[in-house]
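Written below as structure tokens is the structure these notes are about.
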Amino acid sequence: MEVGQLQRRFLEYTASLFNQGLLDAQFQQLQQLQDESNPDFVVEVVSLFFEDSEKLLNDLTIAIGQQTVDFKKVDAYVHQFKGSSSSIGAQRVRNACIAFRSFCEEQNTEACMRCLLQLKQEYSLVKDKLQDLFRLEQQIVEAGGAIPMLEY
Amino acid sequence: MAKKVKSSNKSKLSALVVDDDGVCRTVHCAFLRRHGFETSSVESGRQAVDLIRSGQKFDIIFMDIIMPEMNGVQATRALRAMGVKSMIVGIDCDLDYINEDFMQAGMDRVYEKPMTSEIAISVHQALLNNNIV
């Protein structure tokens with residue numbers, strides 16, 4: 001596929017992620033931080049987010065699975081997840097954290113388990129989409145093109 | 001409470017980022033570096049206090065609030081008690097639910113996460129403005 005086509009595909013894909021609410025304006029802010037002195041910034045920080053998130057989801061699964069659930073601990077993990085997801089613009093993950101926190105406050109184990117499932121699904125979805133996006137970027141670079149910026 | 005920045009010969013302002021989350025530390029530092037700051041980061045309130053007690057000085061400290069062991073409010077109180085005059089900015093999620101008096105603890109400002117260019121520019125400007133007699 002030639003560069004122009006790849007670039008158009010990339011722009012369309014990026015736009016769809018914003019339209020579906022998977023990413024918000026914060027992600028664009030991160031893209032704007034990327035430059036010649038920091039060419040892989042977005043991929044690097046998103047990769048860090050993936051590592052961070054997988055650990056948090058693991059810790060959450062263990063904490064919710066306890067005989068006696070420590071809701072303060074669960075809430076602390078969700079709070080951290082809310083911070084990291086909002087920092088990179090993973091809007092739906094952040095929103096899933098909001099609901100989760102209110103059930104922690106209620107100490108509702110059943111509801112928290114449902115929230116964790118929801119959170120895992122939202123995370124999985126945005127992870128897949130971002131990996132697709134990075135693959136598209138890679139294809140553009142390999143074809144000798146520049147990554148276009150979506151104008152809002 | 002924010003320190004007067006003494007000389008405009010100093011090309012960059014210095015920022016310390018305090019946050020127990022690696023993604024947040026990375027993102028906060030990236031915005032701050034883009035907007036004219038030299039950055040350092042630590043993972044806890046305790047590390048921030050120890051670093052500053054050891055003699056390191058910063059024009060501004062970005063302080064996460066909810067952290068294990070020593071939270072951002074406790075760290076801020078400790079720093080003010082040590083005589084630290086740097087600008088201290090609290091930044092975290094769900095500020096309304098955090099039952100603390102941020103200003104009373106010694107914070108100059110608080111922001112809801114995420115860190116943005118607007119925040120970095122605003123604090124940079126505030127620090128420069130303190131230089132105008």
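Ordered as shown in the structure tokens, chains take letters A, B, and onward, while each chain numbers its residues from 1 and ligands are numbered from 1 in the order shown.
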Which region 38-86 of chain A residues have any atom within 8 Å of an atom of region 115-119 of chain A, and for each, what is the nearest pair of atoms with distance in Å to one decimal, counting only C-alpha atoms, rows sorted by chain and number, as a Markdown table?
```
| residue | atom | partner | partner_atom | distance |
| --- | --- | --- | --- | --- |
| A:Leu57 | CA | A:Leu116 | CA | 7.9 |
| A:Leu60 | CA | A:Leu116 | CA | 7.6 |
| A:Thr61 | CA | A:Leu116 | CA | 7.6 |
```
Spatial neighbours of region 105-122 of chain B, max dist 9 Å, only C-alpha atoms, sep filter under 2 positions, as a compact mmCIF listing (two decimals) with N, CA and C atoms, in the first residue's frame:
```txt
# COMPACT_ATOMS: atom_id res chain seq x y z
N GLN A 26 -6.85 14.29 25.86
CA GLN A 26 -5.56 14.09 26.52
C GLN A 26 -4.59 13.33 25.61
N GLN A 29 -2.99 15.64 23.35
CA GLN A 29 -1.96 16.40 24.06
C GLN A 29 -0.65 15.61 24.09
N LEU A 30 -0.74 14.31 24.29
CA LEU A 30 0.46 13.47 24.31
C LEU A 30 1.11 13.43 22.92
N GLY A 83 -6.14 7.62 37.68
CA GLY A 83 -5.09 8.61 37.42
C GLY A 83 -4.29 8.30 36.17
N SER A 84 -3.88 7.04 36.03
CA SER A 84 -3.05 6.70 34.87
C SER A 84 -3.86 6.75 33.58
N SER A 85 -5.08 6.24 33.61
CA SER A 85 -5.89 6.22 32.38
C SER A 85 -6.27 7.64 31.95
N SER A 86 -6.54 8.50 32.91
CA SER A 86 -6.87 9.89 32.54
C SER A 86 -5.62 10.60 32.01
N SER A 87 -4.46 10.22 32.49
CA SER A 87 -3.21 10.86 32.05
C SER A 87 -2.86 10.54 30.61
N ILE A 88 -3.29 9.37 30.12
CA ILE A 88 -3.00 9.08 28.72
C ILE A 88 -4.21 9.27 27.80
N GLY A 89 -5.36 9.55 28.38
CA GLY A 89 -6.52 9.81 27.53
C GLY A 89 -7.36 8.59 27.22
N MET B 1 3.19 32.31 49.21
CA MET B 1 4.00 31.19 49.71
C MET B 1 5.00 30.73 48.68
N ALA B 2 4.72 30.99 47.41
CA ALA B 2 5.64 30.53 46.37
C ALA B 2 6.91 31.36 46.42
N CYS B 24 1.92 8.38 35.51
CA CYS B 24 1.74 9.79 35.89
C CYS B 24 3.07 10.53 35.97
N VAL B 27 4.22 11.16 32.36
CA VAL B 27 3.39 12.16 31.67
C VAL B 27 3.62 13.55 32.25
N HIS B 28 3.62 13.65 33.57
CA HIS B 28 3.83 14.96 34.20
C HIS B 28 5.17 15.55 33.77
N PHE B 31 5.23 16.87 30.05
CA PHE B 31 4.60 18.18 29.87
C PHE B 31 5.47 19.29 30.43
N LEU B 32 6.04 19.05 31.60
CA LEU B 32 6.84 20.08 32.25
C LEU B 32 8.11 20.38 31.45
N ARG B 34 8.52 20.01 28.26
CA ARG B 34 8.13 20.73 27.05
C ARG B 34 7.93 22.21 27.33
N HIS B 35 7.51 22.53 28.53
CA HIS B 35 7.19 23.92 28.84
C HIS B 35 8.23 24.59 29.74
N GLY B 36 9.47 24.19 29.56
CA GLY B 36 10.58 24.98 30.11
C GLY B 36 11.09 24.57 31.47
N PHE B 37 10.71 23.39 31.94
CA PHE B 37 11.20 22.96 33.25
C PHE B 37 12.25 21.87 33.10
N MET B 63 2.66 17.58 43.53
CA MET B 63 2.45 16.57 44.56
C MET B 63 1.16 15.79 44.33
N VAL B 73 -0.64 15.51 51.26
CA VAL B 73 -0.93 16.56 52.25
C VAL B 73 0.07 16.49 53.41
N GLN B 74 0.32 15.28 53.87
CA GLN B 74 1.30 15.09 54.95
C GLN B 74 2.70 15.53 54.50
N THR B 76 3.39 17.71 52.19
CA THR B 76 3.38 19.17 52.06
C THR B 76 3.58 19.82 53.43
N ARG B 77 2.84 19.33 54.42
CA ARG B 77 2.97 19.88 55.77
C ARG B 77 4.41 19.75 56.25
N LEU B 79 7.14 19.49 54.46
CA LEU B 79 8.03 20.39 53.71
C LEU B 79 7.89 21.83 54.20
N ARG B 80 6.68 22.27 54.44
CA ARG B 80 6.47 23.64 54.95
C ARG B 80 7.07 23.80 56.33
N MET B 87 6.89 26.64 45.30
CA MET B 87 5.47 26.49 44.98
C MET B 87 5.14 25.00 45.08
N ILE B 88 4.05 24.68 45.75
CA ILE B 88 3.63 23.27 45.84
C ILE B 88 2.24 23.17 45.25
N VAL B 89 2.12 22.32 44.24
CA VAL B 89 0.86 22.16 43.53
C VAL B 89 0.36 20.73 43.70
N GLY B 90 -0.81 20.58 44.29
CA GLY B 90 -1.40 19.25 44.42
C GLY B 90 -2.05 18.86 43.10
N ILE B 91 -1.93 17.59 42.72
CA ILE B 91 -2.59 17.13 41.49
C ILE B 91 -3.01 15.68 41.64
N ASP B 92 -4.31 15.44 41.53
CA ASP B 92 -4.82 14.08 41.71
C ASP B 92 -6.24 14.00 41.16
N CYS B 93 -6.82 12.80 41.21
CA CYS B 93 -8.20 12.61 40.75
C CYS B 93 -9.15 12.79 41.93
N ASP B 94 -10.39 13.09 41.61
CA ASP B 94 -11.46 13.11 42.61
C ASP B 94 -11.13 13.99 43.81
N LEU B 95 -10.72 15.20 43.53
CA LEU B 95 -10.35 16.13 44.61
C LEU B 95 -11.50 16.35 45.58
N GLU B 100 -9.56 16.73 52.76
CA GLU B 100 -8.39 17.42 53.31
C GLU B 100 -8.45 18.90 52.96
N ASP B 101 -7.88 19.72 53.79
CA ASP B 101 -7.77 21.15 53.50
C ASP B 101 -6.41 21.40 52.86
N PHE B 102 -6.41 21.44 51.52
CA PHE B 102 -5.15 21.51 50.79
C PHE B 102 -4.39 22.80 51.06
N MET B 103 -5.12 23.90 51.07
CA MET B 103 -4.46 25.19 51.24
C MET B 103 -3.90 25.34 52.65
N HIS B 124 4.22 27.85 35.06
CA HIS B 124 5.46 28.46 34.58
C HIS B 124 5.33 29.99 34.63
N GLN B 125 4.20 30.46 34.13
CA GLN B 125 3.92 31.90 34.13
C GLN B 125 3.86 32.46 35.55
N ALA B 126 3.21 31.73 36.43
CA ALA B 126 3.08 32.18 37.82
C ALA B 126 4.45 32.31 38.47
N LEU B 127 5.33 31.37 38.18
CA LEU B 127 6.68 31.42 38.76
C LEU B 127 7.47 32.60 38.20
```
Per residue of chain A within 12 Å of chain B, which atom pair is closest and at what distance in Å (one decimal), using only C-alpha atoms, listed by chain and increasing number, as a tab-separated table?
```
residue	atom	partner	partner_atom	distance
A:Asp24	CA	B:Pro114	CA	11.3
A:Ala25	CA	B:Thr116	CA	9.9
A:Gln26	CA	B:Thr116	CA	7.5
A:Phe27	CA	B:Thr116	CA	10.4
A:Gln28	CA	B:Thr116	CA	10.5
A:Gln29	CA	B:Thr116	CA	7.1
A:Leu30	CA	B:Val27	CA	8.0
A:Gln31	CA	B:Phe31	CA	11.2
A:Gln32	CA	B:Ser117	CA	9.6
A:Leu33	CA	B:Arg34	CA	7.0
A:Gln34	CA	B:Ala30	CA	9.3
A:Asp35	CA	B:Arg34	CA	10.0
A:Ser37	CA	B:Arg34	CA	10.3
A:Asn38	CA	B:Ala30	CA	9.3
A:Phe41	CA	B:Ala30	CA	8.7
A:Val42	CA	B:Val27	CA	9.8
A:Glu44	CA	B:Thr26	CA	9.6
A:Val45	CA	B:Val23	CA	6.7
A:Val46	CA	B:Val23	CA	8.3
A:Ser47	CA	B:Val23	CA	9.4
A:Leu48	CA	B:Val23	CA	6.2
A:Phe49	CA	B:Val23	CA	5.9
A:Phe50	CA	B:Val23	CA	9.5
A:Glu51	CA	B:Val23	CA	9.5
A:Asp52	CA	B:Val23	CA	7.3
A:Ser53	CA	B:Val23	CA	9.6
A:Lys55	CA	B:Asp21	CA	11.6
A:Leu56	CA	B:Asp21	CA	10.7
A:Lys72	CA	B:Pro68	CA	11.4
A:Lys73	CA	B:Pro68	CA	10.2
A:Asp75	CA	B:Ile66	CA	11.0
A:Ala76	CA	B:Ile66	CA	8.1
A:Tyr77	CA	B:Asp21	CA	10.5
A:Val78	CA	B:Cys93	CA	10.7
A:His79	CA	B:Cys93	CA	7.3
A:Gln80	CA	B:Asp21	CA	7.0
A:Phe81	CA	B:Asp21	CA	8.9
A:Lys82	CA	B:Cys93	CA	7.2
A:Gly83	CA	B:Cys93	CA	6.1
A:Ser84	CA	B:Val23	CA	5.7
A:Ser85	CA	B:Val23	CA	8.7
A:Ser86	CA	B:Pro114	CA	5.6
A:Ser87	CA	B:Pro114	CA	4.7
A:Ile88	CA	B:Val27	CA	7.7
A:Gly89	CA	B:Pro114	CA	8.4
A:Ala90	CA	B:Pro114	CA	11.1
A:Gln91	CA	B:Pro114	CA	11.3
A:Arg94	CA	B:Cys93	CA	10.4
A:Cys97	CA	B:Cys93	CA	10.9
A:Ile98	CA	B:Asp94	CA	9.2
A:Arg101	CA	B:Asp94	CA	10.2
A:Ser102	CA	B:Tyr97	CA	10.9
A:Glu105	CA	B:Tyr97	CA	11.0
```
(message) Taking the DSSP secondary structure from the backbone, can you list the residues of chain B that are alpha helix (DSSP H), as JSON, numbers by chain?
(response) {"B": [22, 23, 24, 25, 26, 27, 28, 29, 30, 31, 32, 33, 34, 45, 46, 47, 48, 49, 50, 51, 52, 53, 72, 73, 74, 75, 76, 77, 78, 79, 80, 81, 102, 103, 104, 105, 117, 118, 119, 120, 121, 122, 123, 124, 125, 126, 127, 128, 129]}
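Here the DSSP assignment of strand (DSSP E), based on backbone atoms, applies within chain B to Leu13, Ser14, Ala15, Leu16, Val17, Val18, Phe37, Glu38, Thr39, Ser40, Ser41, Val42, Ile60, Ile61, Phe62, Met63, Met87, Ile88, Val89, Gly90, Ile91, Asp92, Arg109, Val110, Tyr111 and Glu112 of chain B.
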